[in-house]
$ cat coords_35.cif   # mmCIF, C-alpha atoms and all ligand atoms
data_protein
#
loop_
_atom_site.group_PDB
_atom_site.id
_atom_site.type_symbol
_atom_site.label_atom_id
_atom_site.label_comp_id
_atom_site.auth_asym_id
_atom_site.auth_seq_id
_atom_site.Cartn_x
_atom_site.Cartn_y
_atom_site.Cartn_z
ATOM 1 C CA MET X 4 9.481 -3.988 8.240
ATOM 2 C CA THR X 5 8.771 -7.191 10.099
ATOM 3 C CA LEU X 6 5.413 -5.884 11.304
ATOM 4 C CA PRO X 7 2.606 -6.977 8.988
ATOM 5 C CA CYS X 8 1.615 -4.048 6.815
ATOM 6 C CA ALA X 9 -0.199 -2.996 3.667
ATOM 7 C CA GLU X 10 1.275 -1.243 0.658
ATOM 8 C CA LEU X 11 -1.177 1.297 -0.736
ATOM 9 C CA HIS X 12 0.916 3.369 -3.150
ATOM 10 C CA LEU X 13 2.788 1.251 -5.649
ATOM 11 C CA HIS X 14 2.915 1.560 -9.430
ATOM 12 C CA LEU X 15 3.371 -1.892 -10.963
ATOM 13 C CA GLU X 16 5.307 -0.425 -13.885
ATOM 14 C CA GLY X 17 7.629 1.189 -11.354
ATOM 15 C CA THR X 18 8.776 -2.229 -10.170
ATOM 16 C CA LEU X 19 10.688 -3.030 -13.374
ATOM 17 C CA GLU X 20 14.287 -3.456 -12.241
ATOM 18 C CA PRO X 21 17.054 -2.611 -14.755
ATOM 19 C CA GLU X 22 17.890 -6.331 -15.084
ATOM 20 C CA THR X 23 14.220 -7.126 -15.760
ATOM 21 C CA ILE X 24 14.043 -4.412 -18.402
ATOM 22 C CA PHE X 25 16.990 -6.007 -20.208
ATOM 23 C CA ALA X 26 15.534 -9.526 -19.845
ATOM 24 C CA LEU X 27 12.144 -8.401 -21.219
ATOM 25 C CA ALA X 28 13.843 -6.525 -24.076
ATOM 26 C CA GLU X 29 15.658 -9.690 -25.069
ATOM 27 C CA ARG X 30 12.538 -11.840 -24.754
ATOM 28 C CA ASN X 31 10.541 -9.436 -26.941
ATOM 29 C CA ARG X 32 13.354 -8.351 -29.288
ATOM 30 C CA VAL X 33 13.025 -4.732 -28.270
ATOM 31 C CA THR X 34 16.116 -2.584 -28.844
ATOM 32 C CA LEU X 35 16.975 -0.493 -25.809
ATOM 33 C CA PRO X 36 18.811 2.837 -26.083
ATOM 34 C CA TYR X 37 21.192 1.843 -23.243
ATOM 35 C CA ALA X 38 24.558 0.068 -23.548
ATOM 36 C CA ASP X 39 23.946 -2.246 -20.604
ATOM 37 C CA VAL X 40 22.292 -2.541 -17.180
ATOM 38 C CA ALA X 41 24.842 -0.230 -15.567
ATOM 39 C CA ASP X 42 24.262 2.412 -18.245
ATOM 40 C CA LEU X 43 20.501 2.262 -17.575
ATOM 41 C CA ALA X 44 20.972 2.344 -13.794
ATOM 42 C CA ARG X 45 23.161 5.453 -14.141
ATOM 43 C CA ARG X 46 20.175 7.303 -15.633
ATOM 44 C CA TYR X 47 18.171 6.901 -12.402
ATOM 45 C CA ASP X 48 19.304 10.325 -11.339
ATOM 46 C CA PHE X 49 16.196 12.473 -11.472
ATOM 47 C CA THR X 50 15.752 16.214 -11.145
ATOM 48 C CA ASP X 51 11.951 16.230 -10.757
ATOM 49 C CA LEU X 52 8.813 14.174 -11.422
ATOM 50 C CA GLN X 53 8.909 14.702 -15.197
ATOM 51 C CA SER X 54 12.531 13.533 -15.546
ATOM 52 C CA PHE X 55 11.493 10.262 -13.871
ATOM 53 C CA LEU X 56 8.281 9.911 -15.902
ATOM 54 C CA ASP X 57 10.245 10.191 -19.156
ATOM 55 C CA LEU X 58 12.315 7.100 -18.278
ATOM 56 C CA TYR X 59 9.389 5.263 -16.646
ATOM 57 C CA TYR X 60 7.250 5.525 -19.791
ATOM 58 C CA ALA X 61 10.175 4.747 -22.138
ATOM 59 C CA ASN X 62 10.998 1.493 -20.306
ATOM 60 C CA MET X 63 7.406 0.276 -20.672
ATOM 61 C CA ALA X 64 8.281 -0.476 -24.317
ATOM 62 C CA THR X 65 9.670 -3.805 -23.053
ATOM 63 C CA LEU X 66 6.224 -4.959 -21.808
ATOM 64 C CA ARG X 67 4.437 -6.676 -24.716
ATOM 65 C CA THR X 68 2.548 -9.824 -23.674
ATOM 66 C CA ALA X 69 0.183 -10.885 -20.891
ATOM 67 C CA GLU X 70 3.042 -13.041 -19.584
ATOM 68 C CA ASP X 71 5.269 -9.946 -19.287
ATOM 69 C CA PHE X 72 2.635 -8.149 -17.211
ATOM 70 C CA ALA X 73 2.074 -11.255 -15.077
ATOM 71 C CA ASP X 74 5.817 -11.746 -14.463
ATOM 72 C CA MET X 75 6.288 -8.087 -13.475
ATOM 73 C CA THR X 76 3.371 -8.338 -11.028
ATOM 74 C CA THR X 77 4.520 -11.655 -9.547
ATOM 75 C CA ALA X 78 8.082 -10.414 -9.030
ATOM 76 C CA TYR X 79 6.748 -7.420 -7.099
ATOM 77 C CA LEU X 80 4.427 -9.532 -4.916
ATOM 78 C CA ALA X 81 7.222 -11.970 -4.025
ATOM 79 C CA ARG X 82 9.546 -9.102 -3.064
ATOM 80 C CA ALA X 83 6.814 -7.274 -1.133
ATOM 81 C CA ALA X 84 5.937 -10.437 0.817
ATOM 82 C CA ALA X 85 9.601 -10.840 1.808
ATOM 83 C CA GLY X 86 9.461 -7.316 3.260
ATOM 84 C CA GLY X 87 6.418 -7.932 5.450
ATOM 85 C CA VAL X 88 3.667 -6.741 3.100
ATOM 86 C CA ARG X 89 0.492 -8.765 3.677
ATOM 87 C CA HIS X 90 -1.859 -6.703 1.524
ATOM 88 C CA ALA X 91 -1.167 -4.579 -1.569
ATOM 89 C CA GLU X 92 -3.417 -2.150 -3.445
ATOM 90 C CA VAL X 93 -1.457 -1.530 -6.629
ATOM 91 C CA PHE X 94 -1.694 1.041 -9.414
ATOM 92 C CA LEU X 95 -1.645 0.191 -13.097
ATOM 93 C CA ASP X 96 -1.417 2.758 -15.950
ATOM 94 C CA PRO X 97 -3.475 1.168 -18.770
ATOM 95 C CA GLN X 98 -3.414 4.294 -20.950
ATOM 96 C CA ALA X 99 0.386 4.195 -21.107
ATOM 97 C CA HIS X 100 0.095 0.743 -22.714
ATOM 98 C CA LEU X 101 -2.887 1.525 -24.962
ATOM 99 C CA ASP X 102 -0.910 4.433 -26.383
ATOM 100 C CA ARG X 103 1.849 1.971 -27.390
ATOM 101 C CA GLY X 104 -0.592 -0.305 -29.195
ATOM 102 C CA ILE X 105 -0.905 -2.966 -26.477
ATOM 103 C CA ALA X 106 -4.460 -4.305 -26.114
ATOM 104 C CA LEU X 107 -6.259 -3.508 -22.876
ATOM 105 C CA GLU X 108 -7.180 -7.198 -22.604
ATOM 106 C CA THR X 109 -3.508 -8.219 -22.689
ATOM 107 C CA VAL X 110 -2.523 -5.799 -19.929
ATOM 108 C CA LEU X 111 -5.426 -6.663 -17.647
ATOM 109 C CA GLU X 112 -5.193 -10.406 -18.214
ATOM 110 C CA GLY X 113 -1.537 -10.523 -17.215
ATOM 111 C CA VAL X 114 -1.867 -8.318 -14.162
ATOM 112 C CA SER X 115 -5.128 -9.768 -12.875
ATOM 113 C CA THR X 116 -3.944 -13.375 -13.269
ATOM 114 C CA ALA X 117 -0.902 -12.661 -11.102
ATOM 115 C CA LEU X 118 -2.950 -10.716 -8.536
ATOM 116 C CA ALA X 119 -5.557 -13.489 -8.301
ATOM 117 C CA SER X 120 -3.012 -16.129 -7.220
ATOM 118 C CA SER X 121 -1.108 -13.829 -4.857
ATOM 119 C CA GLU X 122 -2.826 -14.702 -1.599
ATOM 120 C CA ARG X 123 -2.188 -18.415 -2.216
ATOM 121 C CA GLU X 124 1.356 -18.009 -3.563
ATOM 122 C CA HIS X 125 2.732 -15.145 -1.501
ATOM 123 C CA GLY X 126 0.294 -14.666 1.396
ATOM 124 C CA VAL X 127 -0.438 -11.158 0.066
ATOM 125 C CA SER X 128 -4.054 -10.164 -0.587
ATOM 126 C CA THR X 129 -4.405 -7.663 -3.420
ATOM 127 C CA GLY X 130 -6.546 -5.030 -5.084
ATOM 128 C CA LEU X 131 -6.097 -3.272 -8.416
ATOM 129 C CA LEU X 132 -6.345 0.519 -8.727
ATOM 130 C CA ILE X 133 -6.633 1.861 -12.261
ATOM 131 C CA ALA X 134 -4.648 5.087 -12.514
ATOM 132 C CA PHE X 135 -5.531 7.658 -15.152
ATOM 133 C CA LEU X 136 -2.849 9.857 -16.642
ATOM 134 C CA ARG X 137 -3.758 13.379 -15.591
ATOM 135 C CA ASP X 138 -1.769 15.006 -18.418
ATOM 136 C CA LEU X 139 -4.157 13.374 -20.922
ATOM 137 C CA ASP X 140 -7.762 14.491 -21.356
ATOM 138 C CA ALA X 141 -10.632 13.454 -19.110
ATOM 139 C CA GLU X 142 -12.727 12.042 -21.978
ATOM 140 C CA TYR X 143 -9.983 9.502 -22.704
ATOM 141 C CA ALA X 144 -9.920 8.493 -19.023
ATOM 142 C CA LEU X 145 -13.703 8.071 -19.027
ATOM 143 C CA ARG X 146 -13.607 5.955 -22.206
ATOM 144 C CA THR X 147 -10.875 3.781 -20.718
ATOM 145 C CA LEU X 148 -12.810 3.318 -17.471
ATOM 146 C CA ASP X 149 -15.917 2.295 -19.421
ATOM 147 C CA ARG X 150 -13.928 -0.225 -21.450
ATOM 148 C CA ILE X 151 -12.396 -1.747 -18.304
ATOM 149 C CA LEU X 152 -15.809 -1.989 -16.643
ATOM 150 C CA ALA X 153 -17.213 -3.675 -19.755
ATOM 151 C CA LEU X 154 -14.417 -6.277 -19.654
ATOM 152 C CA GLY X 155 -15.465 -7.251 -16.133
ATOM 153 C CA THR X 156 -11.905 -7.321 -14.742
ATOM 154 C CA PRO X 157 -12.091 -7.102 -10.950
ATOM 155 C CA ILE X 158 -10.925 -3.639 -9.880
ATOM 156 C CA LEU X 159 -10.896 -2.035 -6.471
ATOM 157 C CA GLY X 160 -10.819 1.602 -7.463
ATOM 158 C CA ILE X 161 -9.306 4.414 -9.458
ATOM 159 C CA GLY X 162 -6.468 6.888 -9.043
ATOM 160 C CA LEU X 163 -4.802 9.781 -10.828
ATOM 161 C CA ASP X 164 -1.092 9.958 -11.579
ATOM 162 C CA SER X 165 1.588 11.324 -13.976
ATOM 163 C CA ALA X 166 2.578 15.007 -14.396
ATOM 164 C CA GLU X 167 0.746 16.879 -11.633
ATOM 165 C CA VAL X 168 1.358 20.606 -12.032
ATOM 166 C CA GLY X 169 -1.085 22.160 -14.507
ATOM 167 C CA HIS X 170 -3.466 19.189 -14.258
ATOM 168 C CA PRO X 171 -5.682 19.823 -11.226
ATOM 169 C CA PRO X 172 -7.943 17.073 -9.883
ATOM 170 C CA SER X 173 -11.138 18.949 -10.875
ATOM 171 C CA LYS X 174 -10.374 18.151 -14.535
ATOM 172 C CA PHE X 175 -11.424 14.551 -13.740
ATOM 173 C CA ALA X 176 -14.676 15.196 -11.821
ATOM 174 C CA ALA X 177 -16.815 13.237 -14.300
ATOM 175 C CA VAL X 178 -14.481 10.222 -14.197
ATOM 176 C CA TYR X 179 -14.671 10.052 -10.402
ATOM 177 C CA ASP X 180 -18.452 10.490 -10.409
ATOM 178 C CA ARG X 181 -18.722 7.559 -12.783
ATOM 179 C CA ALA X 182 -16.329 5.399 -10.738
ATOM 180 C CA ARG X 183 -18.210 6.138 -7.529
ATOM 181 C CA ALA X 184 -21.527 5.274 -9.166
ATOM 182 C CA GLU X 185 -19.961 1.898 -10.009
ATOM 183 C CA GLY X 186 -19.048 1.344 -6.356
ATOM 184 C CA LEU X 187 -15.315 1.850 -6.911
ATOM 185 C CA HIS X 188 -12.970 3.346 -4.331
ATOM 186 C CA CYS X 189 -11.426 6.718 -5.202
ATOM 187 C CA VAL X 190 -7.886 7.944 -4.526
ATOM 188 C CA ALA X 191 -5.693 10.517 -6.294
ATOM 189 C CA HIS X 192 -2.107 11.740 -6.306
ATOM 190 C CA ALA X 193 -2.173 15.296 -4.963
ATOM 191 C CA GLY X 194 0.303 17.558 -3.239
ATOM 192 C CA GLU X 195 3.449 15.789 -4.451
ATOM 193 C CA GLU X 196 4.666 18.605 -6.721
ATOM 194 C CA GLY X 197 1.281 20.294 -6.924
ATOM 195 C CA PRO X 198 0.025 22.906 -4.418
ATOM 196 C CA PRO X 199 -2.236 22.331 -1.376
ATOM 197 C CA SER X 200 -5.192 23.570 -3.473
ATOM 198 C CA TYR X 201 -4.934 20.312 -5.459
ATOM 199 C CA ILE X 202 -5.435 18.357 -2.204
ATOM 200 C CA TRP X 203 -8.537 20.460 -1.411
ATOM 201 C CA GLU X 204 -9.857 19.702 -4.907
ATOM 202 C CA ALA X 205 -9.155 15.990 -4.577
ATOM 203 C CA LEU X 206 -11.205 16.001 -1.361
ATOM 204 C CA ASP X 207 -14.014 18.347 -2.396
ATOM 205 C CA VAL X 208 -14.430 17.620 -6.105
ATOM 206 C CA LEU X 209 -13.186 14.040 -6.532
ATOM 207 C CA ARG X 210 -14.246 13.053 -2.982
ATOM 208 C CA VAL X 211 -11.219 10.807 -2.590
ATOM 209 C CA GLU X 212 -10.920 8.446 0.365
ATOM 210 C CA ARG X 213 -7.097 8.659 0.441
ATOM 211 C CA VAL X 214 -4.561 11.144 -0.874
ATOM 212 C CA ASP X 215 -1.436 9.773 -2.563
ATOM 213 C CA HIS X 216 1.668 11.687 -1.404
ATOM 214 C CA GLY X 217 -0.066 14.771 0.041
ATOM 215 C CA VAL X 218 3.150 15.998 1.687
ATOM 216 C CA ARG X 219 2.537 19.595 0.606
ATOM 217 C CA CYS X 220 -0.520 19.700 2.909
ATOM 218 C CA LEU X 221 1.904 21.016 5.553
ATOM 219 C CA GLU X 222 1.912 24.384 3.775
ATOM 220 C CA ASP X 223 -1.751 24.893 4.748
ATOM 221 C CA ASP X 224 -2.747 24.579 8.436
ATOM 222 C CA ARG X 225 -6.481 24.535 7.676
ATOM 223 C CA LEU X 226 -5.919 21.643 5.293
ATOM 224 C CA VAL X 227 -3.916 19.714 7.899
ATOM 225 C CA ASP X 228 -6.749 20.279 10.414
ATOM 226 C CA ARG X 229 -9.252 18.903 7.933
ATOM 227 C CA LEU X 230 -7.158 15.853 7.011
ATOM 228 C CA VAL X 231 -6.726 15.078 10.716
ATOM 229 C CA ALA X 232 -10.403 15.658 11.561
ATOM 230 C CA GLU X 233 -11.622 13.469 8.698
ATOM 231 C CA ARG X 234 -8.846 10.921 9.199
ATOM 232 C CA ILE X 235 -7.954 10.964 5.509
ATOM 233 C CA PRO X 236 -4.984 8.640 4.916
ATOM 234 C CA LEU X 237 -1.916 10.009 3.128
ATOM 235 C CA THR X 238 0.175 7.438 1.255
ATOM 236 C CA VAL X 239 3.612 8.958 1.720
ATOM 237 C CA CYS X 240 6.642 7.682 -0.229
ATOM 238 C CA PRO X 241 9.856 8.931 1.435
ATOM 239 C CA LEU X 242 12.508 7.557 -0.957
ATOM 240 C CA SER X 243 10.444 8.767 -3.927
ATOM 241 C CA ASN X 244 10.274 12.241 -2.389
ATOM 242 C CA VAL X 245 14.069 12.328 -2.061
ATOM 243 C CA ARG X 246 14.773 10.984 -5.562
ATOM 244 C CA LEU X 247 12.274 13.374 -7.203
ATOM 245 C CA ARG X 248 13.603 16.233 -5.079
ATOM 246 C CA VAL X 249 10.339 16.975 -3.313
ATOM 247 C CA VAL X 250 12.580 17.070 -0.199
ATOM 248 C CA PRO X 251 16.377 17.618 -0.145
ATOM 249 C CA ASP X 252 17.166 14.427 1.807
ATOM 250 C CA LEU X 253 15.549 11.901 4.160
ATOM 251 C CA ALA X 254 16.638 13.779 7.285
ATOM 252 C CA ALA X 255 14.541 16.706 6.024
ATOM 253 C CA HIS X 256 11.498 14.536 5.276
ATOM 254 C CA PRO X 257 8.321 15.722 7.092
ATOM 255 C CA LEU X 258 7.080 12.191 7.909
ATOM 256 C CA ARG X 259 7.714 12.452 11.659
ATOM 257 C CA GLU X 260 6.153 15.904 11.808
ATOM 258 C CA MET X 261 3.127 14.538 9.951
ATOM 259 C CA LEU X 262 2.755 11.734 12.519
ATOM 260 C CA ARG X 263 3.115 14.179 15.419
ATOM 261 C CA ARG X 264 0.432 16.426 13.958
ATOM 262 C CA GLY X 265 -1.977 13.518 13.963
ATOM 263 C CA LEU X 266 -2.129 12.889 10.232
ATOM 264 C CA HIS X 267 -3.088 9.364 9.139
ATOM 265 C CA VAL X 268 0.242 8.671 7.438
ATOM 266 C CA THR X 269 1.347 5.454 5.743
ATOM 267 C CA VAL X 270 4.740 4.599 4.200
ATOM 268 C CA ASN X 271 4.913 3.216 0.664
ATOM 269 C CA SER X 272 7.444 2.655 -2.099
ATOM 270 C CA ASP X 273 5.783 4.327 -5.160
ATOM 271 C CA ASP X 274 8.207 3.098 -7.877
ATOM 272 C CA PRO X 275 10.680 0.948 -5.924
ATOM 273 C CA ALA X 276 12.900 -0.057 -8.847
ATOM 274 C CA TYR X 277 13.501 3.601 -9.680
ATOM 275 C CA PHE X 278 13.681 5.182 -6.245
ATOM 276 C CA GLY X 279 16.073 2.911 -4.372
ATOM 277 C CA GLY X 280 13.908 0.520 -2.425
ATOM 278 C CA TYR X 281 10.795 -1.425 -1.555
ATOM 279 C CA LEU X 282 8.447 -0.763 1.358
ATOM 280 C CA ASP X 283 10.732 -2.276 4.001
ATOM 281 C CA ASP X 284 13.660 -0.250 2.594
ATOM 282 C CA ASN X 285 11.555 2.936 2.823
ATOM 283 C CA VAL X 286 10.583 2.228 6.427
ATOM 284 C CA GLY X 287 14.131 1.266 7.456
ATOM 285 C CA ALA X 288 15.839 4.254 5.843
ATOM 286 C CA THR X 289 13.235 6.707 7.143
ATOM 287 C CA ALA X 290 13.336 5.260 10.659
ATOM 288 C CA ARG X 291 17.130 5.726 10.730
ATOM 289 C CA ALA X 292 17.100 9.220 9.230
ATOM 290 C CA LEU X 293 14.302 10.513 11.471
ATOM 291 C CA ASP X 294 14.952 8.455 14.628
ATOM 292 C CA LEU X 295 11.487 6.952 14.533
ATOM 293 C CA THR X 296 10.538 5.073 17.689
ATOM 294 C CA PRO X 297 9.168 1.509 17.887
ATOM 295 C CA ALA X 298 5.790 3.118 18.674
ATOM 296 C CA ASP X 299 6.034 5.222 15.473
ATOM 297 C CA LEU X 300 6.779 2.083 13.440
ATOM 298 C CA ARG X 301 3.825 0.284 14.990
ATOM 299 C CA GLU X 302 1.597 3.266 14.224
ATOM 300 C CA LEU X 303 2.757 3.321 10.589
ATOM 301 C CA ALA X 304 2.096 -0.402 10.149
ATOM 302 C CA GLU X 305 -1.330 -0.176 11.778
ATOM 303 C CA ASN X 306 -2.197 2.933 9.769
ATOM 304 C CA SER X 307 -1.408 1.082 6.540
ATOM 305 C CA ILE X 308 -3.860 -1.678 7.380
ATOM 306 C CA GLU X 309 -6.541 0.724 8.618
ATOM 307 C CA ALA X 310 -6.135 2.899 5.499
ATOM 308 C CA SER X 311 -6.599 -0.061 3.158
ATOM 309 C CA PHE X 312 -9.911 -0.919 1.538
ATOM 310 C CA LEU X 313 -9.987 -4.333 3.226
ATOM 311 C CA ASP X 314 -13.072 -5.347 5.169
ATOM 312 C CA ARG X 315 -13.022 -5.143 8.962
ATOM 313 C CA THR X 316 -12.524 -8.877 9.437
ATOM 314 C CA ARG X 317 -9.362 -9.051 7.318
ATOM 315 C CA LYS X 318 -8.050 -5.838 8.895
ATOM 316 C CA ASN X 319 -8.452 -7.410 12.330
ATOM 317 C CA ASP X 320 -6.640 -10.533 11.118
ATOM 318 C CA LEU X 321 -3.669 -8.404 10.050
ATOM 319 C CA LEU X 322 -3.537 -6.047 13.034
HETATM 320 N N1 LIG C 401 3.810 10.593 -9.273
HETATM 321 C C1 LIG C 401 3.054 10.775 -10.340
HETATM 322 N N2 LIG C 401 2.917 9.859 -11.294
HETATM 323 C C2 LIG C 401 3.556 8.696 -11.155
HETATM 324 C C3 LIG C 401 4.359 8.450 -10.063
HETATM 325 C C4 LIG C 401 4.484 9.451 -9.065
HETATM 326 O O1 LIG C 401 5.175 9.311 -8.033
HETATM 327 N N3 LIG C 401 4.846 7.195 -10.239
HETATM 328 C C5 LIG C 401 4.347 6.714 -11.387
HETATM 329 N N4 LIG C 401 3.567 7.627 -11.956
HETATM 330 ZN ZN ZN C 402 2.798 7.432 -7.197
#
$ encode --input "coords_35.cif" --output "C-alpha cells" --more "lines below"
Ligand code: HPA
Ligand code: ZN
Amino acid sequence: MTLPCAELHLHLEGTLEPETIFALAERNRVTLPYADVADLARRYDFTDLQSFLDLYYANMATLRTAEDFADMTTAYLARAAAGGVRHAEVFLDPQAHLDRGIALETVLEGVSTALASSEREHGVSTGLLIAFLRDLDAEYALRTLDRILALGTPILGIGLDSAEVGHPPSKFAAVYDRARAEGLHCVAHAGEEGPPSYIWEALDVLRVERVDHGVRCLEDDRLVDRLVAERIPLTVCPLSNVRLRVVPDLAAHPLREMLRRGLHVTVNSDDPAYFGGYLDDNVGATARALDLTPADLRELAENSIEASFLDRTRKNDLL
C-alpha cells in the first residue's frame, strides 16, 4: 500500500523467513530438521492454527542472542517501511523463549534496541505488545508480566495469542487487570478459530481496546452491533485466514462485508514469513480478490492509524 498506514497485528517471530532461519541456525550452530530452505518452505502448508504454531515455535530454536532478536526486528521494520508502514505495534512471545532457556533480558534487549532506532532508521514509529500464550496458565503470564515490568523495558501493552479454542479470554482476567493498573493498553486474539463468545469475553472481562482477528463476530449480529457502536477496531489478517483455513480462499474473505457493516477493520500481516506476504501484499491481494475500491483502501489505511495507540498529534501527522 502506498498510503501511509499502521501495522497493528504482527508477531515478530512470524517474520523469520526460511532463509533467515537457515542463516541463524548456521550462526548459532543449531541443527535444523530440514534438508534445505526449499524443504522448509514446503512445510508452510497448514491445515489449521495448531499446525502453523508447531512450526512457528520449532523455528524459534534458531533465536539465541540479543543480536538475533535485534536482526529479526530490524529486518521486519525495513520491509514494513518499504510497504508503506509508518507505525507498527508488534507482538513478542517472551514465554516461548523463556521455555527454551533464553533469558528474558536477552530477548527484550534485542527487540527493544531495534525498535528504539526504528523511527530514525526506517521512519517507522513503534510500540511493543507483550503477548501471553493462552494455552499456558494465567499465573505464568502474571509472573512474566511482573518480571517485564520490573526490568523497566518500555512496553505499550499486552495481548493474548497461541492456541485459541479451549482457552477463553476470561482465564486471563487477573493478568489484564494488572496490566491496566500499570497503564498498559490491552488487546487480545479472539474469534480467529474461537467462537463469538470469546470476543464478548475479551470485551467484557479483559476490557480490550482492540480485537485481533475477530472475523467470527459475523456469526453474531448483536456482537457486530456492539463492535460498530463502540468502534472497537478489529485487526484482520486476510492471508493468515486463508493459510490457516479460517476462510477457504481470499475471494470468500469477509473483509468487504465487514467494512460495509461499519466495523472498524484494519488489514495486517500476522506472521508474514509464514502466510505469504507483508502488509502491502495483504492489502494488494485482498483488494484484487474482493474488488476493493480506492475509497475502501483509503478507509483501511485511515482505520489503521486511528486504531493505533498513537497520540492525536502523531495520528494527524500520518493521516
Ligand atoms: N493466532 C494465534 N497465535 C499466534 C498467531 C495467530 O495468528 N500467530 C502467532 N501466534
Ligand atoms: Zn496473530
$ resolve_selection --input "coords_35.cif" --expression "the PyMOL selection byres (((not hetatm)) within 9 of (chain C and resi 401))" --output "PyMOL selection string"
chain X and resi 12-17+52-53+55-56+59-60+94+96+134+136-137+163-167+192-193+195-196+215-216+240+243-244+247+273-274
$ resolve_selection --input "coords_35.cif" --expression "the PyMOL selection byres (((chain X and resi 204) around 10) and not hetatm)" --output "list in words"
Pro171, Pro172, Ser173, Lys174, Ala176, Ala193, Pro199, Ser200, Tyr201, Ile202, Trp203, Ala205, Leu206, Asp207, Val208, Leu209, Arg210 and Val211 of chain X
$ closest_residue --input "coords_35.cif" --among "X:Thr289, X:Leu242, X:Glu222, X:Leu145" --to "ligand ZN 402 (chain C)" --atoms "all atoms listed in the file"
X:Leu242
$ closest_residue --input "coords_35.cif" --among "X:Ser54, X:Ser311, X:Thr5, X:Thr65" --to "X:Glu29" --atoms "only C-alpha atoms"
X:Thr65
$ closest_atom_pairs --input "coords_35.cif" --of "stretch 112-191 of chain X" --to "stretch 66-73 of chain X" --cutoff "12 Å" --atoms "all atoms listed in the file" --output "JSON lines"
{"residue": "X:Glu112", "atom": "CA", "partner": "X:Ala69", "partner_atom": "CA", "distance": 6.0}
{"residue": "X:Gly113", "atom": "CA", "partner": "X:Ala69", "partner_atom": "CA", "distance": 4.1}
{"residue": "X:Val114", "atom": "CA", "partner": "X:Ala73", "partner_atom": "CA", "distance": 5.0}
{"residue": "X:Ser115", "atom": "CA", "partner": "X:Ala73", "partner_atom": "CA", "distance": 7.7}
{"residue": "X:Thr116", "atom": "CA", "partner": "X:Ala73", "partner_atom": "CA", "distance": 6.6}
{"residue": "X:Ala117", "atom": "CA", "partner": "X:Ala73", "partner_atom": "CA", "distance": 5.2}
{"residue": "X:Leu118", "atom": "CA", "partner": "X:Ala73", "partner_atom": "CA", "distance": 8.3}
{"residue": "X:Ala119", "atom": "CA", "partner": "X:Ala73", "partner_atom": "CA", "distance": 10.4}
{"residue": "X:Ser120", "atom": "CA", "partner": "X:Ala73", "partner_atom": "CA", "distance": 10.6}
{"residue": "X:Ser121", "atom": "CA", "partner": "X:Ala73", "partner_atom": "CA", "distance": 11.0}
$ residues_around --input "coords_35.cif" --residues "stretch 313-318 of chain X" --least-positions-apart "2" --cutoff "12 Å" --atoms "all atoms listed in the file" --output "JSON, numbers by chain"
{"X": [7, 8, 9, 10, 11, 89, 90, 91, 92, 127, 128, 129, 130, 159, 188, 304, 305, 306, 307, 308, 309, 310, 311, 320, 321, 322]}
$ atom_distance --input "coords_35.cif" --atom1 "atom CA of X:Ala84" --atom2 "atom CA of X:Gly280"
13.9 Å
$ atom_distance --input "coords_35.cif" --atom1 "atom CA of X:Ala41" --atom2 "atom CA of X:Asn62"
14.7 Å
$ closest_residue --input "coords_35.cif" --among "X:Ala106, X:Leu154, X:Leu237, X:Cys220" --to "ligand ZN 402 (chain C)" --atoms "only C-alpha atoms and all ligand atoms"
X:Leu237
$ resolve_selection --input "coords_35.cif" --expression "the PyMOL selection byres (((chain X and resi 187) around 8) and not hetatm)" --output "PDB file with C-alpha atoms, keeping the file's coordinate frame"
ATOM      1  CA  ILE X 158     -10.925  -3.639  -9.880  1.00  0.00           C
ATOM      2  CA  LEU X 159     -10.896  -2.035  -6.471  1.00  0.00           C
ATOM      3  CA  GLY X 160     -10.819   1.602  -7.463  1.00  0.00           C
ATOM      4  CA  ILE X 161      -9.306   4.414  -9.458  1.00  0.00           C
ATOM      5  CA  ALA X 182     -16.329   5.399 -10.738  1.00  0.00           C
ATOM      6  CA  ARG X 183     -18.210   6.138  -7.529  1.00  0.00           C
ATOM      7  CA  ALA X 184     -21.527   5.274  -9.166  1.00  0.00           C
ATOM      8  CA  GLU X 185     -19.961   1.898 -10.009  1.00  0.00           C
ATOM      9  CA  GLY X 186     -19.048   1.344  -6.356  1.00  0.00           C
ATOM     10  CA  HIS X 188     -12.970   3.346  -4.331  1.00  0.00           C
ATOM     11  CA  CYS X 189     -11.426   6.718  -5.202  1.00  0.00           C
TER      12      CYS X 189
END
$ decode --input "coords_35.cif" --residues "stretch 279-293 of chain X" --atoms "C-alpha atoms" --output "PDB file, in the first residue's frame"
ATOM      1  CA  GLY X 279       2.700 -15.447   2.049  1.00  0.00           C
ATOM      2  CA  GLY X 280       3.142 -11.731   2.483  1.00  0.00           C
ATOM      3  CA  TYR X 281       3.652  -8.487   4.342  1.00  0.00           C
ATOM      4  CA  LEU X 282       1.053  -5.779   4.931  1.00  0.00           C
ATOM      5  CA  ASP X 283       1.219  -4.359   1.402  1.00  0.00           C
ATOM      6  CA  ASP X 284       0.911  -7.904  -0.011  1.00  0.00           C
ATOM      7  CA  ASN X 285      -2.181  -8.493   2.163  1.00  0.00           C
ATOM      8  CA  VAL X 286      -3.805  -5.257   1.017  1.00  0.00           C
ATOM      9  CA  GLY X 287      -2.948  -5.838  -2.658  1.00  0.00           C
ATOM     10  CA  ALA X 288      -4.144  -9.444  -2.782  1.00  0.00           C
ATOM     11  CA  THR X 289      -7.334  -8.669  -0.855  1.00  0.00           C
ATOM     12  CA  ALA X 290      -8.113  -5.613  -2.982  1.00  0.00           C
ATOM     13  CA  ARG X 291      -7.829  -7.752  -6.139  1.00  0.00           C
ATOM     14  CA  ALA X 292      -9.818 -10.690  -4.774  1.00  0.00           C
ATOM     15  CA  LEU X 293     -12.633  -8.548  -3.358  1.00  0.00           C
TER      16      LEU X 293
END
